[in-house]
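J.: Just one file: query.cif, with mmCIF, C-alpha atoms.
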data_structure
loop_
_atom_site.label_atom_id
_atom_site.label_comp_id
_atom_site.auth_asym_id
_atom_site.auth_seq_id
_atom_site.Cartn_x
_atom_site.Cartn_y
_atom_site.Cartn_z
CA MET A 56 0.00 0.00 0.00
CA ALA A 57 1.15 3.34 -0.83
CA ARG A 58 1.39 5.79 1.92
CA ARG A 59 -0.29 9.11 1.53
CA LYS A 60 1.54 12.16 2.62
CA ARG A 61 -0.09 14.06 5.28
CA GLY A 62 0.17 17.73 4.65
CA LEU A 63 -1.73 20.64 3.42
CA GLN A 64 -4.30 19.86 0.89
CA ALA A 65 -5.49 22.53 -1.49
CA ASP A 66 -8.83 23.86 -0.52
CA GLU A 67 -11.02 24.35 -3.45
CA ASP A 68 -12.92 27.04 -1.56
CA GLU A 69 -10.16 29.69 -1.90
CA PRO A 70 -10.81 32.33 -4.58
CA VAL A 71 -8.44 32.78 -7.51
CA LEU A 72 -7.77 36.31 -8.79
CA ASP A 73 -7.57 36.62 -12.56
CA ILE A 74 -5.79 39.92 -13.36
CA SER A 75 -5.48 39.57 -17.12
CA SER A 76 -8.47 41.85 -17.72
CA LEU A 77 -7.04 44.43 -15.25
CA ILE A 78 -3.80 44.56 -17.23
CA ASP A 79 -5.76 45.13 -20.45
CA VAL A 80 -7.66 48.03 -18.88
CA CYS A 81 -4.40 49.60 -17.62
CA PHE A 82 -2.87 49.47 -21.11
CA LEU A 83 -6.02 50.96 -22.63
CA LEU A 84 -5.94 53.84 -20.13
CA LEU A 85 -2.24 54.41 -20.80
CA ILE A 86 -2.83 54.58 -24.55
CA TYR A 87 -5.80 56.91 -24.05
CA PHE A 88 -3.78 59.39 -21.94
CA LEU A 89 -0.82 59.30 -24.33
CA VAL A 90 -3.01 60.05 -27.33
CA THR A 91 -5.09 62.80 -25.70
CA SER A 92 -2.26 64.66 -23.95
CA THR A 93 -0.62 67.67 -25.57
CA ILE A 94 3.12 67.90 -25.66
CA GLN A 95 4.41 71.13 -24.17
CA PRO A 96 7.26 72.76 -26.08
CA ARG A 97 10.56 72.62 -24.31
CA GLU A 98 12.18 75.81 -23.12
CA GLN A 99 14.81 75.76 -25.84
CA ASP A 100 12.10 75.46 -28.49
CA LEU A 101 10.41 78.72 -27.49
CA PRO A 102 11.05 81.60 -29.92
CA MET A 103 12.92 84.02 -27.65
CA THR A 104 16.42 85.31 -27.30
CA LEU A 105 18.02 84.54 -23.97
CA PRO A 106 21.07 86.35 -22.62
CA SER A 107 24.35 84.59 -23.13
CA ASP A 108 27.64 84.51 -21.28
CA SER A 109 29.60 85.79 -24.25
CA LYS A 110 30.55 89.43 -24.26
CA THR A 111 29.31 91.60 -27.08
CA SER A 112 31.89 93.19 -29.31
CA ALA A 113 31.00 96.74 -28.27
CA PRO A 114 29.60 97.58 -24.83
CA VAL A 115 26.66 99.93 -24.66
CA GLU A 116 27.81 103.51 -24.28
CA ILE A 117 26.25 105.18 -21.26
CA GLU A 118 26.73 108.88 -20.71
CA PRO A 119 28.66 109.90 -17.60
CA MET A 120 26.63 111.24 -14.70
CA LEU A 121 27.15 114.94 -14.13
CA ILE A 122 26.97 116.13 -10.52
CA GLN A 123 27.10 119.85 -9.79
CA VAL A 124 27.47 120.94 -6.16
CA ASN A 125 26.83 124.66 -5.66
CA LYS A 126 27.12 126.84 -2.59
CA THR A 127 23.90 128.58 -1.65
CA GLY A 128 23.12 131.11 1.06
CA SER A 129 22.02 128.53 3.62
CA GLY A 130 24.16 125.57 2.58
CA PHE A 131 24.52 123.87 -0.78
CA SER A 132 22.51 122.36 -3.60
CA ILE A 133 23.20 119.26 -5.67
CA VAL A 134 22.10 119.14 -9.30
CA VAL A 135 22.36 115.83 -11.17
CA ASN A 136 22.56 115.82 -14.98
CA LYS A 137 21.73 119.55 -15.07
CA GLU A 138 18.08 118.95 -14.24
CA GLU A 139 17.45 117.04 -11.04
CA ASN A 140 17.80 118.87 -7.72
CA LEU A 141 18.70 116.55 -4.88
CA ASP A 142 19.81 116.99 -1.26
CA THR A 143 20.06 120.64 -0.27
CA SER A 144 21.59 120.30 3.16
CA VAL A 145 23.02 117.77 5.57
CA LYS A 146 21.44 117.28 8.97
CA GLY A 147 22.83 115.44 11.95
CA ASP A 148 26.25 114.03 12.68
CA ASP A 149 26.20 111.18 10.14
CA ARG A 150 26.26 113.61 7.18
CA VAL A 151 24.55 111.40 4.60
CA LEU A 152 23.00 112.50 1.33
CA PRO A 153 20.22 109.92 0.83
CA LEU A 154 18.80 111.16 -2.49
CA LEU A 155 22.23 111.48 -4.08
CA PHE A 156 23.25 108.07 -2.77
CA GLU A 157 20.15 106.36 -4.22
CA SER A 158 20.64 108.10 -7.56
CA LEU A 159 24.29 107.03 -7.69
CA LYS A 160 23.46 103.48 -6.69
CA THR A 161 20.85 103.20 -9.45
CA TYR A 162 23.26 104.65 -12.01
CA SER A 163 26.02 102.27 -10.90
CA MET A 164 23.81 99.19 -11.17
CA THR A 165 22.52 100.28 -14.59
CA THR A 166 25.95 100.82 -16.07
CA LYS A 167 27.42 97.64 -14.61
CA SER A 168 24.52 95.57 -15.94
CA SER A 169 25.20 96.90 -19.43
CA GLY A 170 28.84 95.83 -19.22
CA SER A 171 30.48 99.24 -18.79
CA GLU A 172 31.94 101.13 -15.86
CA PRO A 173 30.12 104.04 -14.24
CA VAL A 174 31.80 107.40 -14.78
CA VAL A 175 30.92 110.53 -12.81
CA GLN A 176 31.97 114.11 -13.52
CA LEU A 177 31.95 116.40 -10.49
CA PHE A 178 31.50 120.14 -10.79
CA ILE A 179 32.19 121.50 -7.29
CA ASP A 180 31.84 125.18 -6.45
CA PRO A 181 35.23 126.52 -5.24
CA LEU A 182 33.48 128.38 -2.40
CA LEU A 183 31.97 125.14 -1.04
CA ASP A 184 33.38 123.77 2.20
CA GLN A 185 35.58 120.68 2.02
CA GLN A 186 33.31 118.57 4.25
CA THR A 187 30.45 118.77 1.76
CA ALA A 188 32.77 117.71 -1.08
CA MET A 189 33.91 114.78 1.06
CA ASP A 190 30.26 113.84 1.72
CA VAL A 191 29.69 113.65 -2.04
CA LEU A 192 32.83 111.53 -2.47
CA ASN A 193 31.64 109.22 0.33
CA CYS A 194 28.37 108.72 -1.55
CA LEU A 195 30.37 107.81 -4.66
CA LYS A 196 32.42 105.29 -2.70
CA GLY A 197 29.28 103.82 -1.13
CA ALA A 198 27.78 103.29 -4.59
CA ASN A 199 31.01 101.52 -5.78
CA ILE A 200 31.86 104.21 -8.32
CA ASN A 201 35.61 104.55 -8.78
CA SER A 202 35.87 106.55 -12.02
CA VAL A 203 35.46 110.18 -10.96
CA THR A 204 36.69 113.28 -12.73
CA PHE A 205 36.65 116.82 -11.42
CA ALA A 206 35.72 119.60 -13.81
CA VAL A 207 35.40 123.35 -13.76
CA ILE A 208 32.24 125.10 -14.92
CA ASP A 209 32.92 127.74 -17.54
CA GLU A 210 30.39 130.52 -17.24
#
Using the file provided, produce a representation of the structure as structure tokens.

T.:
Amino acid sequence: MARRKRGLQADEDEPVLDISSLIDVCFLLLIYFLVTSTIQPREQDLPMTLPSDSKTSAPVEIEPMLIQVNKTGSGFSIVVNKEENLDTSVKGDDRVLPLLFESLKTYSMTTKSSGSEPVVQLFIDPLLDQQTAMDVLNCLKGANINSVTFAVIDE
């Protein structure tokens, strides 16, 4: 007589999962989404000119900033580019010229972004005190402007 192994016998009551139809549905959904989706153009395919690292052959010419410091009866006046009146006096011990400093900072950033160096021409009244001239030079240094020329106004 043959001996029968005692062990686990397969129950015929356990359910069997048939996933072949699930795989078919997944592939159909994948094909549907691939066909109906629109392909976005890549960034390099967009029709625009982007800045490059290469330097241009000729930098953009920016006019030098003209600063005229005149002595007035009560103090001084600062005229930028012959049209814009800025700080007229200095108050307090810190001796700052906020409007001139902001104007110089903007000019410096503009010229440096175009690839050229900022140049400033100073017209200082000979009757002006030295401290005011030094305050203007401190504003230039604070705005990282190193190319400064002094000029005389011919009237």

J.: Just to confirm, what's the straight-line distance from CA of Val135 in chain A to CA of Phe156 in chain A in Å (one decimal)?

T.: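 We find that CA of Val135 in chain A and CA of Phe156 in chain A lie 11.5 Å from each other.
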
J.: Go through A:Asn193, A:Thr91, A:Gln176, A:Thr187 and flag the residue nearest Val207 in chain A, using only C-alpha atoms for the distances.

T.: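 Checking each of A:Asn193, A:Thr91, A:Gln176, A:Thr187 against Val207 in chain A, counting only C-alpha atoms, the winner is A:Gln176.
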
J.: List the residues matched by the PyMOL selection byres ((chain A and resi 184) around 12) in the displayed structure as a list in words, ordered by chain and then by residue number.

T.: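 Selected by the PyMOL selection byres ((chain A and resi 184) around 12) in this file: Val124, Asn125, Lys126, Thr127, Gly130, Phe131, Ile179, Asp180, Pro181, Leu182, Leu183, Gln185, Gln186, Thr187, Ala188, Met189, Asp190 and Val191 of chain A.
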
J.: Could those residues be written to a file, using C-alpha atoms, as a short mmCIF file (atom, residue, chain, number, x, y, z; two decimals), keeping the file's coordinate frame?

T.:
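Dumped everything to part-v7.cif:
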data_model
loop_
_atom_site.label_atom_id
_atom_site.label_comp_id
_atom_site.auth_asym_id
_atom_site.auth_seq_id
_atom_site.Cartn_x
_atom_site.Cartn_y
_atom_site.Cartn_z
CA VAL A 124 27.47 120.94 -6.16
CA ASN A 125 26.83 124.66 -5.66
CA LYS A 126 27.12 126.84 -2.59
CA THR A 127 23.90 128.58 -1.65
CA GLY A 130 24.16 125.57 2.58
CA PHE A 131 24.52 123.87 -0.78
CA ILE A 179 32.19 121.50 -7.29
CA ASP A 180 31.84 125.18 -6.45
CA PRO A 181 35.23 126.52 -5.24
CA LEU A 182 33.48 128.38 -2.40
CA LEU A 183 31.97 125.14 -1.04
CA GLN A 185 35.58 120.68 2.02
CA GLN A 186 33.31 118.57 4.25
CA THR A 187 30.45 118.77 1.76
CA ALA A 188 32.77 117.71 -1.08
CA MET A 189 33.91 114.78 1.06
CA ASP A 190 30.26 113.84 1.72
CA VAL A 191 29.69 113.65 -2.04
#

J.: To one decimal place, how far is CA of Phe205 in chain A from CA of Phe178 in chain A in Å?

T.: 6.2 Å

J.: Find, counting all atoms listed in the file, the residue in A:Ser75, A:Ser92, A:Thr161, A:Gln123 that gets nearest to Pro173 in chain A.

T.: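 Smallest distance to Pro173 in chain A is found for A:Thr161.
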
J.: Provide the CA of Lys137 in chain A to CA of Leu177 in chain A distance in Å, to one decimal place.

T.: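 These two atoms are separated by 11.6 Å.
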
J.: Of the residues A:Ser202, A:Cys194, A:Ile78, A:Leu72, which is the one nearest to Arg150 in chain A, using all atoms listed in the file?

T.: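 Answer, going by the shortest atom-to-atom distance: A:Cys194.
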
J.: Would you kindly identify which residues have an atom no farther than 9 Å from (24.4, 109.1, -12.2), using all atoms listed in the file and the file's own coordinates, and write them out as a PDB file with C-alpha atoms, in the coordinates of the input?

T.:
ATOM      1  CA  GLU A 118      26.730 108.880 -20.710  1.00  0.00           C
ATOM      2  CA  PRO A 119      28.660 109.900 -17.600  1.00  0.00           C
ATOM      3  CA  MET A 120      26.630 111.240 -14.700  1.00  0.00           C
ATOM      4  CA  LEU A 121      27.150 114.940 -14.130  1.00  0.00           C
ATOM      5  CA  ILE A 122      26.970 116.130 -10.520  1.00  0.00           C
ATOM      6  CA  VAL A 135      22.360 115.830 -11.170  1.00  0.00           C
ATOM      7  CA  ASN A 136      22.560 115.820 -14.980  1.00  0.00           C
ATOM      8  CA  LEU A 155      22.230 111.480  -4.080  1.00  0.00           C
ATOM      9  CA  SER A 158      20.640 108.100  -7.560  1.00  0.00           C
ATOM     10  CA  LEU A 159      24.290 107.030  -7.690  1.00  0.00           C
ATOM     11  CA  LYS A 160      23.460 103.480  -6.690  1.00  0.00           C
ATOM     12  CA  THR A 161      20.850 103.200  -9.450  1.00  0.00           C
ATOM     13  CA  TYR A 162      23.260 104.650 -12.010  1.00  0.00           C
ATOM     14  CA  SER A 163      26.020 102.270 -10.900  1.00  0.00           C
ATOM     15  CA  PRO A 173      30.120 104.040 -14.240  1.00  0.00           C
ATOM     16  CA  VAL A 174      31.800 107.400 -14.780  1.00  0.00           C
ATOM     17  CA  VAL A 175      30.920 110.530 -12.810  1.00  0.00           C
TER      18      VAL A 175
END

J.: Would you mind telling me which residue in A:Thr93, A:Leu152, A:Glu157, A:Cys81 lies nearest to Leu192 in chain A when using only C-alpha atoms?

T.: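 That would be A:Leu152, the residue with the smallest distance to Leu192 in chain A.
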
J.: Pick out the closest residue to Leu154 in chain A from this set: A:Asp79, A:Lys167, A:Ala206, A:Glu139. Count all atoms listed in the file.

T.: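 For Leu154 in chain A, the nearest of the candidates is A:Glu139.
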